[in-house]
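Asks: Input structure: protein09.txt, which contains compact mmCIF, C-alpha atoms.
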# COMPACT_ATOMS: atom_id res chain seq x y z
CA MET A 93 62.40 66.65 -170.26
CA PRO A 94 65.45 66.85 -167.89
CA ARG A 95 65.43 64.48 -165.00
CA PRO A 96 66.13 65.58 -161.42
CA THR A 97 69.74 64.96 -160.32
CA ALA A 98 70.80 63.09 -157.21
CA GLY A 99 71.52 66.40 -155.54
CA ASP A 100 67.93 67.48 -156.21
CA LEU A 101 66.51 64.36 -154.62
CA HIS A 102 68.73 64.16 -151.54
CA ILE A 103 70.51 66.72 -149.39
CA ASP A 104 73.47 65.25 -147.50
CA ARG A 105 73.25 65.35 -143.74
CA ALA A 106 75.18 63.79 -140.89
CA LEU A 107 74.48 60.15 -140.09
CA THR A 108 73.17 59.63 -136.56
CA ASN A 109 74.56 56.11 -136.12
CA VAL A 110 78.16 56.56 -137.39
CA SER A 111 80.97 58.94 -136.50
CA VAL A 112 84.75 58.67 -136.37
CA ALA A 113 87.04 59.72 -133.51
CA TYR A 114 90.62 58.61 -132.87
CA ALA A 115 90.28 57.62 -129.22
CA GLN A 116 93.14 55.55 -127.80
CA ASP A 117 92.44 52.40 -125.84
CA PRO A 118 92.65 53.31 -122.11
CA ASN A 119 94.36 49.96 -121.46
CA GLY A 120 97.36 51.24 -123.39
CA PHE A 121 97.97 53.81 -120.64
CA VAL A 122 99.90 52.28 -117.72
CA ALA A 123 100.17 55.20 -115.28
CA ASP A 124 97.15 54.09 -113.24
CA GLN A 125 98.03 50.39 -113.47
CA VAL A 126 101.65 49.91 -112.38
CA PHE A 127 101.69 51.38 -108.86
CA ARG A 128 99.07 51.19 -106.14
CA ASN A 129 96.82 54.22 -105.78
CA ILE A 130 96.65 55.79 -102.30
CA PRO A 131 93.61 58.07 -101.84
CA VAL A 132 94.49 60.85 -99.38
CA GLN A 133 92.39 63.50 -97.68
CA MET A 134 95.07 66.20 -97.50
CA GLN A 135 97.07 67.69 -100.36
CA SER A 136 100.36 66.95 -98.59
CA ASP A 137 101.47 64.76 -95.71
CA LYS A 138 104.33 62.56 -94.50
CA TYR A 139 104.91 58.82 -94.21
CA TYR A 140 107.54 56.77 -92.37
CA LYS A 141 110.41 54.87 -94.00
CA TYR A 142 112.37 52.13 -92.23
CA GLY A 143 115.96 51.50 -93.29
CA SER A 144 116.85 48.09 -94.74
CA SER A 145 120.34 47.84 -93.23
CA ASP A 146 119.03 47.11 -89.72
CA LEU A 147 116.83 44.27 -90.97
CA PHE A 148 119.62 42.62 -92.95
CA ARG A 149 122.40 42.88 -90.37
CA SER A 150 122.80 39.69 -88.30
CA GLU A 151 123.20 40.80 -84.68
CA MET A 152 122.23 37.80 -82.56
CA LYS A 153 125.04 36.52 -80.31
CA LYS A 154 125.55 33.67 -77.96
CA ARG A 155 124.30 34.53 -74.45
CA ALA A 156 126.14 33.38 -71.38
CA SER A 157 124.26 32.43 -68.22
CA GLY A 158 123.33 35.43 -66.10
CA THR A 159 124.13 38.04 -68.75
CA GLU A 160 122.00 40.37 -70.79
CA SER A 161 121.00 39.61 -74.34
CA GLU A 162 122.51 41.62 -77.18
CA GLY A 163 120.62 44.86 -77.88
CA ILE A 164 119.48 46.20 -81.27
CA GLY A 165 117.50 49.12 -82.66
CA PHE A 166 116.43 50.52 -86.00
CA ASP A 167 116.52 53.80 -87.90
CA VAL A 168 113.40 55.47 -89.17
CA SER A 169 112.94 58.55 -91.33
CA THR A 170 110.07 60.38 -93.00
CA ASP A 171 109.26 61.34 -96.57
CA ASN A 172 106.37 63.36 -97.94
CA TYR A 173 104.01 63.62 -100.89
CA LEU A 174 102.51 66.73 -102.45
CA CYS A 175 99.56 66.42 -104.82
CA ASP A 176 99.74 69.05 -107.55
CA VAL A 177 96.48 70.02 -109.22
CA TYR A 178 96.16 69.86 -113.02
CA SER A 179 93.14 71.34 -114.85
CA LEU A 180 91.72 71.77 -118.35
CA HIS A 181 88.39 73.01 -119.70
CA MET A 182 86.33 73.31 -122.85
CA ASP A 183 83.65 75.97 -123.26
CA ILE A 184 80.41 75.21 -125.12
CA GLY A 185 78.78 78.37 -126.42
CA ASP A 186 75.02 78.76 -126.47
CA GLN A 187 75.06 79.34 -130.23
CA GLU A 188 77.07 76.15 -130.88
CA ARG A 189 74.80 74.14 -128.56
CA ALA A 190 71.65 75.42 -130.30
CA ASN A 191 73.10 74.67 -133.74
CA GLN A 192 74.48 71.16 -133.18
CA ASP A 193 73.22 68.28 -135.31
CA GLU A 194 72.94 64.65 -134.29
CA PRO A 195 75.02 62.64 -133.54
CA ILE A 196 77.16 65.46 -132.11
CA ASN A 197 76.65 65.86 -128.39
CA LEU A 198 78.92 68.64 -127.21
CA ASP A 199 78.67 67.78 -123.51
CA ARG A 200 79.56 64.13 -124.15
CA ASP A 201 82.29 64.96 -126.63
CA ALA A 202 83.88 67.55 -124.34
CA THR A 203 83.85 65.07 -121.46
CA ASN A 204 85.51 62.41 -123.62
CA LEU A 205 88.15 64.88 -124.82
CA LEU A 206 89.00 66.06 -121.30
CA THR A 207 89.11 62.52 -119.95
CA HIS A 208 91.53 61.52 -122.70
CA GLN A 209 93.66 64.55 -121.89
CA SER A 210 93.84 63.42 -118.26
CA LEU A 211 95.18 60.02 -119.39
CA LEU A 212 97.86 61.74 -121.46
CA ASN A 213 98.80 63.96 -118.53
CA LYS A 214 99.32 61.06 -116.15
CA GLU A 215 101.16 58.93 -118.71
CA LYS A 216 103.63 61.75 -119.36
CA LYS A 217 104.08 62.26 -115.62
CA PHE A 218 104.76 58.53 -115.21
CA VAL A 219 107.57 58.82 -117.78
CA GLU A 220 108.94 61.94 -116.10
CA LYS A 221 108.99 60.38 -112.63
CA PHE A 222 109.79 56.72 -113.32
CA PHE A 223 110.54 55.93 -116.97
CA THR A 224 113.60 58.14 -117.44
CA ASN A 225 117.30 57.42 -117.07
CA GLY A 226 118.93 58.44 -113.80
CA LYS A 227 115.81 58.21 -111.64
CA TRP A 228 116.43 54.79 -110.10
CA ALA A 229 119.34 53.49 -108.06
CA ASN A 230 120.01 50.97 -110.85
CA ASN A 231 120.40 52.30 -114.41
CA VAL A 232 122.04 50.79 -117.49
CA THR A 233 122.14 52.09 -121.04
CA GLY A 234 121.78 50.11 -124.25
CA VAL A 235 124.51 50.49 -126.88
CA ASN A 236 125.03 49.20 -130.42
CA GLY A 237 128.67 48.21 -129.95
CA THR A 238 130.57 46.31 -127.28
CA PRO A 239 129.09 47.17 -123.85
CA THR A 240 131.27 48.49 -121.05
CA SER A 241 130.45 49.14 -117.41
CA GLY A 242 126.85 50.34 -116.98
CA GLN A 243 125.91 49.29 -120.50
CA PHE A 244 124.25 46.38 -122.32
CA LEU A 245 123.86 45.34 -125.94
CA ARG A 246 120.55 46.65 -127.29
CA TRP A 247 117.90 43.99 -127.71
CA ASN A 248 117.28 44.67 -131.40
CA ASP A 249 120.71 43.07 -131.96
CA ALA A 250 120.40 39.31 -132.53
CA ALA A 251 123.59 38.80 -130.48
CA SER A 252 122.09 40.45 -127.41
CA THR A 253 120.88 38.47 -124.38
CA PRO A 254 117.67 40.06 -123.05
CA ILE A 255 116.63 37.11 -120.87
CA GLU A 256 120.02 37.05 -119.16
CA ASP A 257 119.95 40.84 -118.79
CA TRP A 258 116.61 40.68 -116.97
CA ARG A 259 117.85 37.87 -114.73
CA ASP A 260 120.99 39.80 -113.84
CA ALA A 261 118.89 42.87 -113.05
CA LYS A 262 116.60 40.84 -110.79
CA ALA A 263 119.59 39.32 -109.02
CA GLU A 264 121.14 42.74 -108.41
CA VAL A 265 117.97 44.22 -106.91
CA LEU A 266 117.42 41.09 -104.80
CA GLU A 267 120.98 41.13 -103.49
CA ASN A 268 120.83 44.82 -102.58
CA THR A 269 117.36 44.85 -101.03
CA GLY A 270 116.40 41.29 -100.14
CA ILE A 271 113.32 41.68 -102.40
CA GLU A 272 112.88 40.13 -105.85
CA PRO A 273 111.32 42.50 -108.42
CA ARG A 274 108.62 40.79 -110.46
CA VAL A 275 106.91 43.59 -112.41
CA GLY A 276 108.08 44.89 -115.79
CA VAL A 277 107.19 47.91 -117.94
CA LEU A 278 108.14 48.13 -121.61
CA GLY A 279 107.94 50.87 -124.20
CA TYR A 280 106.00 49.59 -127.19
CA ARG A 281 109.04 49.64 -129.49
CA THR A 282 110.96 47.63 -126.91
CA TYR A 283 108.12 45.12 -126.71
CA VAL A 284 107.93 44.49 -130.46
CA GLU A 285 111.68 43.96 -130.66
CA LEU A 286 111.65 41.50 -127.77
CA ILE A 287 108.89 39.27 -129.10
CA ASP A 288 110.90 38.78 -132.31
CA HIS A 289 114.25 38.29 -130.60
CA PRO A 290 115.78 34.92 -131.60
CA ASP A 291 116.54 33.91 -128.00
CA ILE A 292 112.91 34.45 -127.04
CA VAL A 293 111.45 32.88 -130.19
CA ASP A 294 113.67 29.85 -129.65
CA ARG A 295 112.16 29.25 -126.20
CA ILE A 296 108.62 28.78 -127.50
CA LYS A 297 109.05 27.72 -131.14
CA TYR A 298 107.84 24.17 -130.39
CA SER A 299 104.70 25.32 -128.57
CA GLY A 300 102.80 25.82 -131.85
CA GLY A 301 103.15 24.70 -135.42
CA VAL A 302 101.66 21.96 -137.61
CA GLY A 303 100.75 19.54 -134.85
CA SER A 304 98.56 22.02 -133.04
CA ASN A 305 97.50 23.83 -136.24
CA ARG A 306 98.58 27.06 -134.58
CA PRO A 307 101.69 29.18 -134.96
CA ALA A 308 104.02 29.77 -132.02
CA ILE A 309 102.92 33.28 -131.07
CA ILE A 310 104.77 35.30 -128.46
CA GLY A 311 102.35 37.57 -126.69
CA LEU A 312 102.49 39.58 -123.50
CA GLU A 313 101.72 36.62 -121.24
CA ALA A 314 104.36 34.38 -122.83
CA LEU A 315 106.98 37.11 -122.63
CA ALA A 316 106.19 37.72 -118.95
CA GLN A 317 106.65 34.01 -118.25
CA LEU A 318 109.98 33.91 -120.07
CA LEU A 319 111.20 36.89 -118.06
CA ASP A 320 109.82 35.30 -114.85
CA LEU A 321 107.50 38.22 -114.08
CA ASP A 322 104.15 38.28 -112.33
CA LYS A 323 103.01 41.26 -114.39
CA LEU A 324 104.24 42.94 -117.55
CA TYR A 325 102.88 46.24 -118.89
CA VAL A 326 103.38 47.73 -122.36
CA MET A 327 103.14 51.49 -122.87
CA LYS A 328 101.07 51.94 -126.04
CA ALA A 329 99.92 55.52 -125.55
CA VAL A 330 100.76 58.00 -128.33
CA GLU A 331 101.17 61.77 -128.08
CA ASN A 332 100.98 64.40 -130.82
CA THR A 333 103.64 67.01 -130.00
CA ALA A 334 102.67 69.45 -132.78
CA LYS A 335 100.67 72.61 -132.07
CA GLN A 336 97.01 72.71 -133.10
CA GLY A 337 96.62 73.29 -136.82
CA LEU A 338 100.07 71.96 -137.72
CA THR A 339 100.95 68.55 -139.16
CA GLN A 340 100.76 65.80 -136.56
CA VAL A 341 104.00 64.62 -134.98
CA ASN A 342 103.05 61.40 -133.21
CA GLY A 343 105.30 59.32 -130.99
CA PHE A 344 105.04 56.71 -128.26
CA ILE A 345 105.10 58.37 -124.86
CA GLY A 346 107.05 55.47 -123.34
CA GLY A 347 109.96 55.66 -125.78
CA LYS A 348 112.28 52.66 -126.18
CA HIS A 349 113.06 51.81 -122.58
CA ALA A 350 112.30 49.05 -120.06
CA LEU A 351 111.82 49.02 -116.31
CA LEU A 352 111.96 46.23 -113.72
CA LEU A 353 110.21 46.87 -110.39
CA HIS A 354 109.06 45.51 -107.10
CA VAL A 355 105.47 46.64 -106.61
CA ALA A 356 103.71 45.74 -103.39
CA PRO A 357 100.49 43.76 -104.06
CA THR A 358 98.69 45.97 -101.56
CA ALA A 359 99.57 49.16 -99.75
CA GLY A 360 100.06 48.96 -96.00
CA LEU A 361 102.30 49.48 -93.02
CA LEU A 362 105.87 48.13 -93.17
CA THR A 363 105.37 47.45 -96.88
CA PRO A 364 108.25 48.21 -99.27
CA THR A 365 107.44 49.20 -102.84
CA ALA A 366 109.12 51.03 -105.68
CA GLY A 367 106.42 53.68 -105.90
CA TYR A 368 102.93 54.89 -105.09
CA THR A 369 100.46 57.31 -106.62
CA PHE A 370 98.95 59.56 -103.97
CA SER A 371 95.58 60.91 -105.16
CA TRP A 372 93.93 63.81 -103.36
CA ASN A 373 90.33 62.70 -103.17
CA GLY A 374 89.67 65.17 -100.37
CA LEU A 375 89.52 67.92 -103.01
CA LEU A 376 85.82 68.85 -103.09
CA GLY A 377 84.50 65.40 -103.79
CA ALA A 378 87.15 64.20 -106.20
CA GLY A 379 87.15 60.49 -107.06
CA ALA A 380 89.54 57.86 -105.75
CA LEU A 381 92.07 58.80 -108.46
CA GLY A 382 91.95 62.47 -107.51
CA ASN A 383 89.84 63.32 -110.56
CA ARG A 384 86.60 65.22 -111.03
CA ILE A 385 84.68 66.67 -113.97
CA LYS A 386 82.24 69.49 -113.46
CA ARG A 387 80.00 71.70 -115.57
CA TYR A 388 79.14 75.26 -114.67
CA ARG A 389 77.78 78.41 -116.29
CA MET A 390 80.03 81.15 -117.72
CA GLU A 391 77.33 83.77 -118.20
CA HIS A 392 79.70 86.51 -119.38
CA LEU A 393 80.73 84.17 -122.23
CA ALA A 394 77.19 82.92 -122.90
CA ALA A 395 78.63 79.43 -122.54
CA ASP A 396 78.77 76.37 -120.34
CA ARG A 397 82.19 75.25 -119.14
CA ILE A 398 83.14 71.57 -118.86
CA GLU A 399 86.24 71.30 -116.64
CA ILE A 400 88.41 68.47 -115.39
CA ASP A 401 90.72 68.51 -112.36
CA LEU A 402 93.41 66.02 -111.40
CA ALA A 403 95.20 66.12 -108.07
CA TYR A 404 97.94 63.53 -107.55
CA ASP A 405 101.61 62.88 -106.85
CA MET A 406 103.47 59.96 -108.44
CA LYS A 407 106.11 59.23 -105.82
CA MET A 408 109.23 57.10 -106.04
CA VAL A 409 109.22 55.42 -102.63
CA CYS A 410 112.23 53.07 -102.80
CA SER A 411 114.63 53.88 -105.63
CA ASP A 412 116.63 50.68 -105.04
CA LEU A 413 113.57 48.57 -105.94
CA GLY A 414 113.73 49.64 -109.59
CA TYR A 415 116.11 48.76 -112.42
CA PHE A 416 115.96 50.90 -115.59
CA PHE A 417 117.11 49.83 -119.05
CA ASN A 418 117.71 53.08 -120.94
CA THR A 419 117.32 53.00 -124.78
CA ALA A 420 116.86 49.23 -124.70
CA VAL A 421 116.43 49.14 -128.50
CA ALA A 422 117.73 51.35 -131.29
Produce structure tokens that represent the structure in this file.

Replies:
Amino acid sequence: MPRPTAGDLHIDRALTNVSVAYAQDPNGFVADQVFRNIPVQMQSDKYYKYGSSDLFRSEMKKRASGTESEGIGFDVSTDNYLCDVYSLHMDIGDQERANQDEPINLDRDATNLLTHQSLLNKEKKFVEKFFTNGKWANNVTGVNGTPTSGQFLRWNDAASTPIEDWRDAKAEVLENTGIEPRVGVLGYRTYVELIDHPDIVDRIKYSGGVGSNRPAIIGLEALAQLLDLDKLYVMKAVENTAKQGLTQVNGFIGGKHALLLHVAPTAGLLTPTAGYTFSWNGLLGAGALGNRIKRYRMEHLAADRIEIDLAYDMKMVCSDLGYFFNTAVA
């Protein structure tokens, strides 16, 4: 007598405690980490900028008895921000909602998808505004051969001098502005080349080994210390540039560059900084980052719409407080 098969005894169904989704770690996105966020009530407004030349010029003079002291003044100008609004939605049809099996939760999954899309949007805008050659007052380009003016030897070359390059960049910004930049941003490819660079490995090779039963590992904190930085960020976010349905074409959003910055610890009056992110939280109850997610009924589609809005402006405030290393590695 034939026995029942496995397919007769069990019908496959979706597990309720396991699913797979390629969600990137939010910590790999730097757009909301590097510059201070300024929540604003209005979509656009102005702010004052004081010139540095008046502060750095020495004007005090010896005063003779019975005469007036030397006079001085300062120049002031204005700049403005404008928060553009970015939006995306996903519709959940009534038929799909009624037919979903656990552990699928269309409302949760749509919210996660839209939130991830907002991270990608801001990371790409960070690259467009700050992490691109020609944006800052100080720009140098990495080359494979002998560097000339405005160039440096790429850091994947063992003969290059990344530590000295960073020190020279810091000195140039300090000399031109009176402010020492102490924040760095690296593309992921740049980061992995730096931590294996012989000059950098040589600085810490005796910090591990047999005696401590640990290898000398160069991580983010050690690299920041070697470059004399208070904070170092690595851009790990990945974007697929292929259209839906086509083979994935993934790449790091941050490319192969590096950026040295002065970032004010806190925002305030008379506070110089390389940049700010102005977030329009006055937009119908948006959060501090200018973001909101809402759900509303689309009756003519027999569907519920989950929609995300972002309203922000990433603004370069002082271009001379940044130093950009273009194509730092091959």

Asks: Report the distance between atom CA of A:Tyr139 and atom CA of A:Leu413 in Å, rounded to one decimal place.

Replies: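 Atom-to-atom, atom CA of A:Tyr139 and atom CA of A:Leu413 are spaced 17.8 Å apart.
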
Asks: At a cut-off of 7 Å, can you tabulate as JSON lines every residue of stretch 327-372 of chain A near stretch 398-408 of chain A together with its closest atom pair and the distance in Å to one decimal, using only C-alpha atoms and ordering rows by chain then number?

Replies:
{"residue": "A:Ala366", "atom": "CA", "partner": "A:Met408", "partner_atom": "CA", "distance": 6.1}
{"residue": "A:Gly367", "atom": "CA", "partner": "A:Met408", "partner_atom": "CA", "distance": 4.4}
{"residue": "A:Tyr368", "atom": "CA", "partner": "A:Lys407", "partner_atom": "CA", "distance": 5.4}
{"residue": "A:Thr369", "atom": "CA", "partner": "A:Met406", "partner_atom": "CA", "distance": 4.4}
{"residue": "A:Phe370", "atom": "CA", "partner": "A:Asp405", "partner_atom": "CA", "distance": 5.1}
{"residue": "A:Ser371", "atom": "CA", "partner": "A:Tyr404", "partner_atom": "CA", "distance": 4.3}
{"residue": "A:Trp372", "atom": "CA", "partner": "A:Ala403", "partner_atom": "CA", "distance": 5.4}

Asks: Take the residues from that selection and write them out as a PDB file, in the frame of the given file, keeping C-alpha atoms.

Replies:
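That gives us selection_5.pdb:
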ATOM      1  CA  ALA A 366     109.120  51.030-105.680  1.00  0.00           C
ATOM      2  CA  GLY A 367     106.420  53.680-105.900  1.00  0.00           C
ATOM      3  CA  TYR A 368     102.930  54.890-105.090  1.00  0.00           C
ATOM      4  CA  THR A 369     100.460  57.310-106.620  1.00  0.00           C
ATOM      5  CA  PHE A 370      98.950  59.560-103.970  1.00  0.00           C
ATOM      6  CA  SER A 371      95.580  60.910-105.160  1.00  0.00           C
ATOM      7  CA  TRP A 372      93.930  63.810-103.360  1.00  0.00           C
TER       8      TRP A 372
END

Asks: For a quick check of understanding, using all atoms listed in the file, which of A:Ala250, A:Ile184, A:Leu147, A:Leu361 has the smallest distance to A:Met390?

Replies: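 When distances to A:Met390 are compared using all atoms listed in the file, the smallest one comes from A:Ile184.
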
Asks: Which residue gives the smallest distance to A:Pro357 among A:Ala329, A:Val275, A:Ile164, A:Leu266, with all atoms listed in the file counted?

Replies: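 With all atoms listed in the file as the atom set, the closest residue is A:Val275.
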
Asks: Mind giving me the straight-line distance from atom CA of A:Pro273 to atom CA of A:Leu353 in Å, one decimal?

Replies: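 Taking atom CA of A:Pro273 and atom CA of A:Leu353, their separation equals 4.9 Å.
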
Asks: Pick from A:Met134, A:Ala190, A:Val326, A:Val168: nearest to A:Val122, with all atoms listed in the file counted?

Replies: A:Val326

Asks: Neighbourhood query: residues within 6 Å of (110.9, 53.0, -99.8), file coordinates, counting only C-alpha atoms; return as a list of chain:residue names.

Replies: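 Taken together, the residues in range are A:Pro364, A:Thr365, A:Val409, A:Cys410.
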
Asks: List the spatial neighbours of A:Asp199 as a PyMOL selection string - criterion: any atom at most 12 Å away, only C-alpha atoms, same-chain residues fewer than 6 positions off excluded.

Replies: chain A and resi 181-186+188-189+192+205-206+385-388+395-399

Asks: Within 7 Å of stretch 210-219 of chain A, counting all atoms listed in the file, which residues qualify if same-chain residues fewer than 3 places away don't, as a list in words?

Replies: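 Residues near the query, excluding close chain neighbours: Phe121, Val122, Ala123, Leu206, Thr207, Phe222, Phe223, Thr224, Ile345 and Gly346 of chain A.
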
Asks: For atom CA of A:Ala378 and atom CA of A:Gln116, determine how far apart the two atoms are, in Å to one decimal place.

Replies: 24.0 Å

Asks: Which one is closest to A:Asp291: A:Met327, A:Leu381, A:Trp247, A:Gly311? Count only C-alpha atoms.

Replies: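 Result for the nearest residue to A:Asp291: A:Trp247.
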
Asks: Go through A:Asn236, A:Ile292, A:Lys141, A:Arg384 one by one, measure the shortest atom-to-atom distance of each to A:Ser179 using only C-alpha atoms, and give the residue with the smallest value.

Replies: A:Arg384

Asks: Here is a test: counting all atoms listed in the file, which residue of A:Asn342, A:Asn418, A:Thr333, A:Asn373 is nearest to A:Val132?

Replies: A:Asn373

Asks: Could you give me, as a PyMOL selection string, the residues that have an atom at most 12 Å away from the point (106.4, 49.5, -130.4) in the coordinates of the file, using all atoms listed in the file?

Replies: chain A and resi 120+248+278-288+326-330+343-350+420-422

Asks: Can you tell me which residues surround A:Ala263 at a distance of at most 12 Å, considering only C-alpha atoms, apart from same-chain residues fewer than 2 positions away, and format the answer as a PyMOL selection string?

Replies: chain A and resi 230+256-261+265-274+352+413-415

Asks: Let me know the centre plus edge lengths, in Å and rounded to one decimal, of a box with edges along x, y and z that contains all listed atoms of stretch 190-208 of chain A and is padded by 5 Å on every side, as AutoDock Vina command-line options.

Replies:
--center_x 81.6 --center_y 68.5 --center_z -127.6 --size_x 29.9 --size_y 23.9 --size_z 25.4
